[in-house]
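Take a look at the structure below.
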Amino acid sequence: NAGVTQTPKFQVLKTGQSMTLQCAQDMNHNSMYWYRQDPGMGLRLIYYSASEGTTDKGEVPNGYNVSRLNKREFSLRLESAAPSQTSVYFCASSPRPADGETQYFGPGTRLLVL
Amino acid sequence: DQQVKQNSPSLSVQEGRISILNCDYTNSMFDYFLWYKKYPAEGPTFLISISSIKDKNEDGRFTVFLNKSAKHLSLHIVPSQPGDSAVYFCAARNYGGKLIFGQGTELSVKP
């Protein structure tokens with residue numbers, strides 16, 4: 001049982017390049033989330049998907065887009081990467097929206113934008 | 001505006017002693033509070049939670065206390081073990097069901 005998987009684990013981009021971070025969960029969860037973690041800032045919600053077919057903005061959505069491809073997969077896209085997007089990105093899933101106790105996180109994607 | 005704050009970036013305690021991690025919040029509408037634990041190169045994992053209608057919740061060596069009048073919660077770990085060394089995040093759930101995280105406190109338990 002893999003839980004929440006994220007690819008890639010690490011990526012270096014140049015300013016202006018685009019990329020998509022992939023996330024998949026095998027727990028049949030309805031809700032999925034993208035967070036970023038920065039030193040001194042904790043985890044901040046970028047976008048979330050309460051259920052398949054819906055997406056909503058979180059605290060820090062600027063510069064990002066998301067796609068809930070199906071129930072399992074939730075991708076995060078950076079159209080034109082900026083150095084301020086250097087961060088560690090975590091995907092998470094939960095059975096239902098607002099379910100903090102059972103919000104399972106992936107191992108993270110470390111992104112460096114030069 | 002940081003709605004959930006962990007003012008101590010790090011904490012070091014001796015094995016067997018008590019670890020106390022603190023968290024302050026500003027929004028009285030938060031209805032649930034949670035603690036997550038994070039090891040290096042891994043995602044956070046849920047540790048313990050407390051509803052805003054309670055003032056204490058205990059799970060083995062971990063106890064969370066909530067003081068609503070002070071808008072303060074704390075996590076007590078007794079006795080502390082070297083395997084408890086990790087970054088601990090407190091989080092609060094807002095009216096929209098989303099989690100707001102604090103900055104994290106890195107706990108180091110020395111043998």
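Identifiers in this document derive from the order of the structure tokens: chains are assigned A, B, ..., residues are numbered from 1 separately in each chain, and ligands are numbered from 1 in order of occurrence.
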For chain A, which residues have at least one atom within 6 Å of chain B, if we go by only C-alpha atoms? Write them as JSON, numbers by chain, please.
{"A": [40, 41, 42, 43, 98, 105, 106, 107]}
DSSP says strand (DSSP E) for which residues of chain B? Put them as a ChimeraX atom specification?
/B:4-5,10-14,19-25,32-38,45-51,56-59,62-67,72-77,86-93,99-101,105-110
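Minimum atom-to-atom distances from B:Lys37, B:Lys71, B:Lys110, B:His76 to Ile20 (chain B) were compared using only C-alpha atoms, and the lowest value belongs to B:His76.
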Which polymer residues have any atom within 9 Å of an atom of Ser80 (chain A), counting only C-alpha atoms, with same-chain residues fewer than 5 positions away left out, as a VMD selection string?
chain A and resid 15 to 19 63 to 64
Atom pair CA of Val12 (chain A) / CA of Leu114 (chain A): separation (Å)
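Between CA of Val12 (chain A) and CA of Leu114 (chain A) the gap works out to 7.4 Å.
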Residue neighbourhood Ala50 (chain A), 8 Å, only C-alpha atoms, exclusion window fewer than 6 positions, as a list in words
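That gives Asn30, Ser31, Met32, Asp56, Arg96 and Pro97 of chain A.
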CA of Leu13 (chain A) and CA of Ser49 (chain A), how far apart in Å?
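One can read the CA of Ser49 (chain A) to CA of Leu13 (chain A) distance as 26.2 Å.
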For each of A:Leu111, A:Val60, A:Leu45, A:Val66, take the minimum atom-to-atom distance to Val88 (chain A), counting only C-alpha atoms, then give the residue where this is smallest.
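Selected residue with least distance to Val88 (chain A): A:Leu111.
Between CA of Thr54 (chain A) and CA of Arg68 (chain A) lies a distance of 7.3 Å.
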Could you list, as a PyMOL selection string, every residue within 7 Å of region 54-68 of chain B, counting only C-alpha atoms and ignoring same-chain residues fewer than 6 positions away?
chain B and resi 74-79
